[in-house]
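Just structure-v3.cif here, mmCIF, C-alpha atoms:
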```cif
data_entry
#
loop_
_atom_site.label_atom_id
_atom_site.label_comp_id
_atom_site.auth_asym_id
_atom_site.auth_seq_id
_atom_site.Cartn_x
_atom_site.Cartn_y
_atom_site.Cartn_z
CA MET A 74 -38.49 15.86 26.23
CA ILE A 75 -35.16 16.02 24.54
CA GLU A 76 -34.43 19.40 23.16
CA PRO A 77 -32.67 19.28 19.81
CA ILE A 78 -29.40 21.10 19.87
CA ALA A 79 -29.27 23.95 17.42
CA LEU A 80 -26.67 23.22 14.81
CA GLN A 81 -25.05 26.59 14.19
CA SER A 82 -27.66 28.19 11.99
CA THR A 83 -25.19 30.05 9.82
CA VAL A 84 -21.71 28.66 9.59
CA GLY A 85 -19.16 30.67 7.68
CA THR A 86 -17.96 29.62 4.27
CA VAL A 87 -14.51 28.70 5.55
CA ARG A 88 -15.98 26.53 8.27
CA PHE A 89 -18.36 24.86 5.82
CA TRP A 90 -15.55 23.86 3.49
CA ALA A 91 -13.39 22.80 6.43
CA ILE A 92 -16.18 20.44 7.50
CA VAL A 93 -16.56 19.13 3.94
CA LEU A 94 -12.79 18.57 3.72
CA LEU A 95 -12.63 16.73 7.05
CA LEU A 96 -15.58 14.48 6.18
CA GLY A 97 -14.15 13.82 2.71
CA LEU A 98 -10.81 12.79 4.19
CA GLY A 99 -12.59 10.53 6.67
CA VAL A 100 -14.56 8.82 3.91
CA PHE A 101 -11.40 8.50 1.78
CA PHE A 102 -9.32 6.83 4.49
CA THR A 103 -12.21 4.52 5.40
CA LEU A 104 -12.50 3.56 1.72
CA VAL A 105 -8.77 2.77 1.57
CA SER A 106 -9.05 0.70 4.73
CA THR A 107 -12.10 -1.20 3.48
CA VAL A 108 -10.39 -2.06 0.19
CA GLY A 109 -7.34 -3.19 2.16
CA VAL A 110 -9.34 -5.43 4.48
CA LEU A 111 -11.12 -6.99 1.52
CA ARG A 112 -8.03 -7.55 -0.63
CA LEU A 113 -4.94 -8.08 1.56
CA PRO A 114 -3.81 -11.69 1.91
CA ASP A 115 -3.61 -12.51 5.64
CA ILE A 116 -4.86 -11.42 9.05
CA TYR A 117 -1.73 -9.46 9.97
CA ALA A 118 -1.84 -7.22 6.91
CA ARG A 119 -5.58 -6.78 7.39
CA ALA A 120 -5.11 -5.80 11.03
CA HIS A 121 -2.61 -3.19 9.92
CA THR A 122 -4.96 -1.61 7.42
CA ALA A 123 -8.03 -1.95 9.64
CA SER A 124 -6.38 0.33 12.18
CA GLN A 125 -6.55 3.03 9.52
CA THR A 126 -10.33 3.18 9.88
CA ASP A 127 -9.98 3.49 13.62
CA THR A 128 -7.45 6.31 13.64
CA LEU A 129 -7.54 8.33 10.42
CA GLY A 130 -11.07 7.63 9.16
CA ALA A 131 -12.91 7.98 12.45
CA GLY A 132 -10.54 10.74 13.52
CA PHE A 133 -11.25 13.00 10.54
CA ALA A 134 -14.99 12.29 10.53
CA LEU A 135 -15.42 12.95 14.25
CA ALA A 136 -13.26 16.07 13.96
CA GLY A 137 -15.65 17.28 11.25
CA VAL A 138 -18.62 16.65 13.57
CA ALA A 139 -16.88 18.54 16.39
CA VAL A 140 -16.16 21.51 14.11
CA ALA A 141 -19.80 21.55 13.03
CA PHE A 142 -21.09 21.63 16.61
CA GLY A 143 -18.90 24.58 17.53
CA TRP A 144 -18.68 25.70 21.14
CA GLN A 145 -21.32 23.46 22.72
CA HIS A 146 -21.50 20.51 25.07
CA ALA A 147 -21.87 18.18 22.11
CA ALA A 148 -18.45 19.19 20.74
CA VAL A 149 -16.79 18.23 24.04
CA TYR A 150 -18.65 14.93 23.86
CA THR A 151 -17.43 14.36 20.33
CA VAL A 152 -13.81 15.11 21.25
CA LEU A 153 -14.05 12.69 24.18
CA LEU A 154 -15.48 10.05 21.84
CA LEU A 155 -12.63 10.70 19.39
CA PHE A 156 -10.07 10.35 22.19
CA PHE A 157 -11.66 7.10 23.35
CA VAL A 158 -11.74 5.64 19.82
CA PHE A 159 -8.10 6.65 19.37
CA ILE A 160 -7.06 4.85 22.55
CA THR A 161 -9.12 1.68 22.38
CA ASN A 162 -9.22 0.59 18.75
CA PRO A 163 -5.48 0.16 18.15
CA THR A 164 -5.44 -1.78 21.41
CA ALA A 165 -8.20 -4.03 20.11
CA ALA A 166 -6.38 -4.52 16.79
CA HIS A 167 -3.24 -5.46 18.69
CA ALA A 168 -5.17 -7.97 20.80
CA ILE A 169 -6.73 -9.52 17.68
CA ALA A 170 -3.38 -9.84 15.89
CA ARG A 171 -1.78 -11.31 18.99
CA SER A 172 -4.56 -13.85 19.42
CA ALA A 173 -4.05 -14.82 15.78
CA ALA A 174 -0.34 -15.30 16.43
CA GLU A 175 -0.93 -17.38 19.55
CA THR A 176 -3.51 -19.63 17.90
CA GLY A 177 -1.03 -20.42 15.14
CA VAL A 178 -2.27 -18.48 12.12
CA GLU A 179 0.59 -18.49 9.66
CA PRO A 180 1.37 -15.25 7.80
CA VAL A 181 1.20 -15.45 4.01
CA LEU A 182 4.62 -14.64 2.64
CA THR A 183 5.76 -13.78 -0.86
CA GLU A 184 8.41 -15.81 -2.68
CA GLU A 185 11.36 -13.67 -1.57
CA ASN A 186 10.21 -13.40 2.03
CA ALA A 187 9.39 -17.09 2.22
CA ALA A 188 12.92 -17.95 1.06
CA GLU A 189 14.40 -15.93 3.90
CA PRO A 190 13.87 -18.37 6.81
CA GLU A 191 15.60 -21.12 4.81
CA ALA A 192 18.49 -18.80 4.10
CA SER A 193 18.82 -17.96 7.79
CA ALA A 194 18.68 -21.68 8.60
CA GLU A 195 21.51 -22.29 6.16
CA ARG A 196 23.49 -19.52 7.81
CA ASP A 197 23.94 -21.81 10.79
CA VAL A 198 26.25 -23.95 8.71
CA PRO A 199 28.11 -21.30 6.67
CA THR A 200 31.01 -23.47 5.62
CA GLU A 201 28.85 -25.91 3.67
CA THR A 202 26.95 -23.25 1.72
CA ASP A 203 30.15 -21.35 1.02
CA GLY A 204 31.74 -24.51 -0.29
CA GLU A 205 28.75 -25.20 -2.53
CA THR A 206 28.64 -21.74 -4.02
CA GLN A 207 32.35 -21.75 -4.66
CA MET B 126 -23.80 28.39 3.57
CA THR B 127 -27.32 27.48 4.48
CA PRO B 128 -27.81 25.02 7.34
CA THR B 129 -29.78 22.59 5.18
CA SER B 130 -26.83 22.07 2.84
CA LEU B 131 -24.57 21.42 5.84
CA GLU B 132 -27.01 18.84 7.16
CA ASN B 133 -27.12 17.22 3.72
CA VAL B 134 -23.33 16.98 3.77
CA PHE B 135 -23.52 15.03 7.02
CA LEU B 136 -26.27 12.75 5.74
CA VAL B 137 -24.40 12.00 2.50
CA ALA B 138 -21.23 11.21 4.47
CA ALA B 139 -23.24 8.89 6.73
CA GLY B 140 -24.64 7.14 3.65
CA LEU B 141 -21.12 6.61 2.27
CA PHE B 142 -20.01 5.16 5.59
CA VAL B 143 -23.01 2.79 5.50
CA VAL B 144 -21.97 1.58 2.02
CA LEU B 145 -18.40 0.96 3.22
CA ALA B 146 -19.70 -0.90 6.29
CA ILE B 147 -21.83 -3.15 4.09
CA ALA B 148 -18.74 -3.89 1.97
CA MET B 149 -16.94 -4.90 5.15
CA PHE B 150 -19.58 -7.61 5.74
CA TYR B 151 -17.88 -9.67 3.00
CA ARG B 152 -14.83 -10.21 5.20
CA ALA B 153 -17.00 -10.92 8.23
CA VAL B 154 -18.82 -13.67 6.32
CA VAL B 155 -16.05 -15.37 4.34
CA GLY B 156 -13.03 -14.57 6.53
CA PRO B 157 -11.04 -17.81 6.77
CA THR B 158 -10.07 -17.48 10.43
CA THR B 159 -11.97 -16.39 13.53
CA GLN B 160 -9.67 -13.40 13.89
CA ASP B 161 -10.54 -12.20 10.37
CA ARG B 162 -14.20 -12.15 11.27
CA LEU B 163 -13.50 -10.49 14.60
CA LEU B 164 -11.43 -7.80 12.91
CA ALA B 165 -14.17 -7.13 10.37
CA VAL B 166 -16.80 -6.85 13.12
CA ASN B 167 -14.52 -4.50 15.04
CA VAL B 168 -14.17 -2.24 12.01
CA LEU B 169 -17.95 -2.42 11.52
CA GLY B 170 -18.41 -1.23 15.09
CA THR B 171 -16.07 1.71 14.54
CA ASN B 172 -18.00 2.57 11.38
CA THR B 173 -21.23 2.44 13.37
CA VAL B 174 -19.83 4.86 15.95
CA VAL B 175 -18.86 7.28 13.20
CA ILE B 176 -22.27 6.94 11.51
CA LEU B 177 -24.03 7.68 14.81
CA ALA B 178 -21.90 10.78 15.34
CA LEU B 179 -22.59 11.98 11.78
CA LEU B 180 -26.33 11.44 12.27
CA ALA B 181 -26.16 13.34 15.57
CA ALA B 182 -24.86 16.32 13.62
CA GLY B 183 -27.04 15.82 10.57
CA LEU B 184 -30.34 15.26 12.37
CA ASP B 185 -29.67 17.61 15.33
CA GLN B 186 -30.10 14.85 17.89
CA SER B 187 -27.29 15.21 20.40
CA TRP B 188 -28.31 12.12 22.36
CA PHE B 189 -27.06 9.98 19.47
CA LEU B 190 -23.60 10.81 20.83
CA ASP B 191 -24.44 8.99 24.08
CA VAL B 192 -25.41 5.93 22.07
CA ALA B 193 -22.17 6.22 20.08
CA LEU B 194 -20.09 6.38 23.27
CA ILE B 195 -21.74 3.28 24.74
CA TYR B 196 -21.37 1.50 21.41
CA ALA B 197 -17.64 2.28 21.34
CA LEU B 198 -17.24 0.94 24.88
CA LEU B 199 -19.08 -2.29 24.11
CA ASN B 200 -17.20 -2.71 20.83
CA PHE B 201 -13.85 -2.52 22.59
CA LEU B 202 -15.01 -4.95 25.27
CA MET B 203 -16.30 -7.37 22.61
CA SER B 204 -12.98 -7.38 20.71
CA ILE B 205 -10.89 -7.93 23.82
CA ALA B 206 -13.20 -10.63 25.16
CA ILE B 207 -13.42 -12.67 21.95
CA SER B 208 -9.70 -12.42 21.19
CA LYS B 209 -8.99 -13.61 24.74
CA PHE B 210 -11.52 -16.41 24.34
CA THR B 211 -9.91 -17.70 21.14
CA VAL B 212 -6.54 -18.05 22.90
CA GLU B 213 -7.55 -19.65 26.20
CA ARG B 214 -10.85 -21.45 25.83
CA GLY B 215 -12.44 -22.28 29.16
CA GLY B 216 -10.39 -19.63 30.94
CA VAL B 217 -12.09 -16.61 32.39
CA LEU B 218 -14.64 -16.63 29.57
#
```
Can I see the file as structure tokens?
Amino acid sequence: MIEPIALQSTVGTVRFWAIVLLLGLGVFFTLVSTVGVLRLPDIYARAHTASQTDTLGAGFALAGVAVAFGWQHAAVYTVLLLFFVFITNPTAAHAIARSAAETGVEPVLTEENAAEPEASAERDVPTETDGETQ
Amino acid sequence: MTPTSLENVFLVAAGLFVVLAIAMFYRAVVGPTTQDRLLAVNVLGTNTVVILALLAAGLDQSWFLDVALIYALLNFLMSIAISKFTVERGGVL
């Protein structure tokens, strides 16, 4: 028989609003990250914004849970879970982005950024380009 | 504040996380590359861990945290394994 842990029966007003603030920040950052993953152009930009869910969103939400539990075993569990999520998920995002790079997924570049590799290629022969511009 | 309102705060937050996770399914379905889908599933797993922790607080079931911990472990293992598989097919996996 699993005994339900007693959520602190009366939490103070300050603690209540601290919990609401932490959960609200967690939901906000997860919303930003979800919009970014849905709208950004390529896998590298999406991997950057997906890490936001893993660090800020999950971090704030799990911190809110830990504050709600107070001084109990469950709060230690929650902090360990938060620590584990903090360590592993950026590692996973890095592995995904690196596997994308090694399987040859090309990043989507804007006009100015796409012109840059050509400019650097022309820099190998500076005398010709200088002669053309002058 | 009364404990019921605090529990409602946790349940509402869990509901919002569920809505955001469902929105993330779009990228998992239409993502042009394998890595896009893998990234979306990874974010879905993180959202699931957070939802389980919020339900543990909202429903007063502390054993949900055990499930969340195992889910986080398996999620990390899944991401590493599939991203390794996409690079060297027929290697260790």
Output as an mmCIF file with C-alpha atoms, in the coordinates of the input the set of chain A residues within 8 Å of chain B, with distances taken over all atoms listed in the file.
```
data_model
loop_
_atom_site.group_PDB
_atom_site.id
_atom_site.type_symbol
_atom_site.label_atom_id
_atom_site.label_comp_id
_atom_site.auth_asym_id
_atom_site.auth_seq_id
_atom_site.Cartn_x
_atom_site.Cartn_y
_atom_site.Cartn_z
ATOM 1 C CA PRO A 77 -32.670 19.280 19.810
ATOM 2 C CA ILE A 78 -29.400 21.100 19.870
ATOM 3 C CA ALA A 79 -29.270 23.950 17.420
ATOM 4 C CA LEU A 80 -26.670 23.220 14.810
ATOM 5 C CA GLN A 81 -25.050 26.590 14.190
ATOM 6 C CA SER A 82 -27.660 28.190 11.990
ATOM 7 C CA THR A 83 -25.190 30.050 9.820
ATOM 8 C CA VAL A 84 -21.710 28.660 9.590
ATOM 9 C CA GLY A 85 -19.160 30.670 7.680
ATOM 10 C CA THR A 86 -17.960 29.620 4.270
ATOM 11 C CA PHE A 89 -18.360 24.860 5.820
ATOM 12 C CA VAL A 93 -16.560 19.130 3.940
ATOM 13 C CA LEU A 96 -15.580 14.480 6.180
ATOM 14 C CA GLY A 97 -14.150 13.820 2.710
ATOM 15 C CA VAL A 100 -14.560 8.820 3.910
ATOM 16 C CA THR A 103 -12.210 4.520 5.400
ATOM 17 C CA LEU A 104 -12.500 3.560 1.720
ATOM 18 C CA THR A 107 -12.100 -1.200 3.480
ATOM 19 C CA VAL A 110 -9.340 -5.430 4.480
ATOM 20 C CA LEU A 111 -11.120 -6.990 1.520
ATOM 21 C CA ILE A 116 -4.860 -11.420 9.050
ATOM 22 C CA ARG A 119 -5.580 -6.780 7.390
ATOM 23 C CA ALA A 120 -5.110 -5.800 11.030
ATOM 24 C CA ALA A 123 -8.030 -1.950 9.640
ATOM 25 C CA THR A 126 -10.330 3.180 9.880
ATOM 26 C CA ASP A 127 -9.980 3.490 13.620
ATOM 27 C CA ALA A 131 -12.910 7.980 12.450
ATOM 28 C CA ALA A 134 -14.990 12.290 10.530
ATOM 29 C CA LEU A 135 -15.420 12.950 14.250
ATOM 30 C CA VAL A 138 -18.620 16.650 13.570
ATOM 31 C CA ALA A 141 -19.800 21.550 13.030
ATOM 32 C CA PHE A 142 -21.090 21.630 16.610
ATOM 33 C CA ALA A 147 -21.870 18.180 22.110
ATOM 34 C CA TYR A 150 -18.650 14.930 23.860
ATOM 35 C CA THR A 151 -17.430 14.360 20.330
ATOM 36 C CA LEU A 154 -15.480 10.050 21.840
ATOM 37 C CA PHE A 157 -11.660 7.100 23.350
ATOM 38 C CA VAL A 158 -11.740 5.640 19.820
ATOM 39 C CA THR A 161 -9.120 1.680 22.380
ATOM 40 C CA ASN A 162 -9.220 0.590 18.750
ATOM 41 C CA ALA A 165 -8.200 -4.030 20.110
ATOM 42 C CA ALA A 166 -6.380 -4.520 16.790
ATOM 43 C CA ALA A 168 -5.170 -7.970 20.800
ATOM 44 C CA ILE A 169 -6.730 -9.520 17.680
ATOM 45 C CA ALA A 170 -3.380 -9.840 15.890
ATOM 46 C CA SER A 172 -4.560 -13.850 19.420
ATOM 47 C CA ALA A 173 -4.050 -14.820 15.780
ATOM 48 C CA GLU A 175 -0.930 -17.380 19.550
ATOM 49 C CA THR A 176 -3.510 -19.630 17.900
#
```
| said: Report as a list in words all protein, DNA and RNA residues lying within 10 Å of A:Leu95, evaluated on all atoms listed in the file, omitting residues in the same chain fewer than 4 positions from it. | reply: Trp90, Ala91, Gly99, Val100, Phe101, Gly130, Gly132, Phe133, Ala134, Leu135, Ala136, Gly137, Val138 and Val140 of chain A
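Rounded to one decimal, atom CA of A:Ser124 and atom CA of B:Arg214 lie 26.1 Å from each other.
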| request: For atom CA of A:Ser106 and atom CA of A:Val149, quote the distance in Å rounded to one decimal. | output: 27.2 Å
| query | atom CA of A:His146 and atom CA of A:Thr128, how far apart in Å? | reply | 23.0 Å
Put the listed atoms of stretch 199-213 of chain B in a box along x, y and z with 5 Å added on every side and give me the centre and edge lengths in Å to one decimal, as JSON.
```
{"center_x": -12.8, "center_y": -11.0, "center_z": 23.5, "size_x": 22.5, "size_y": 27.4, "size_z": 15.5}
```
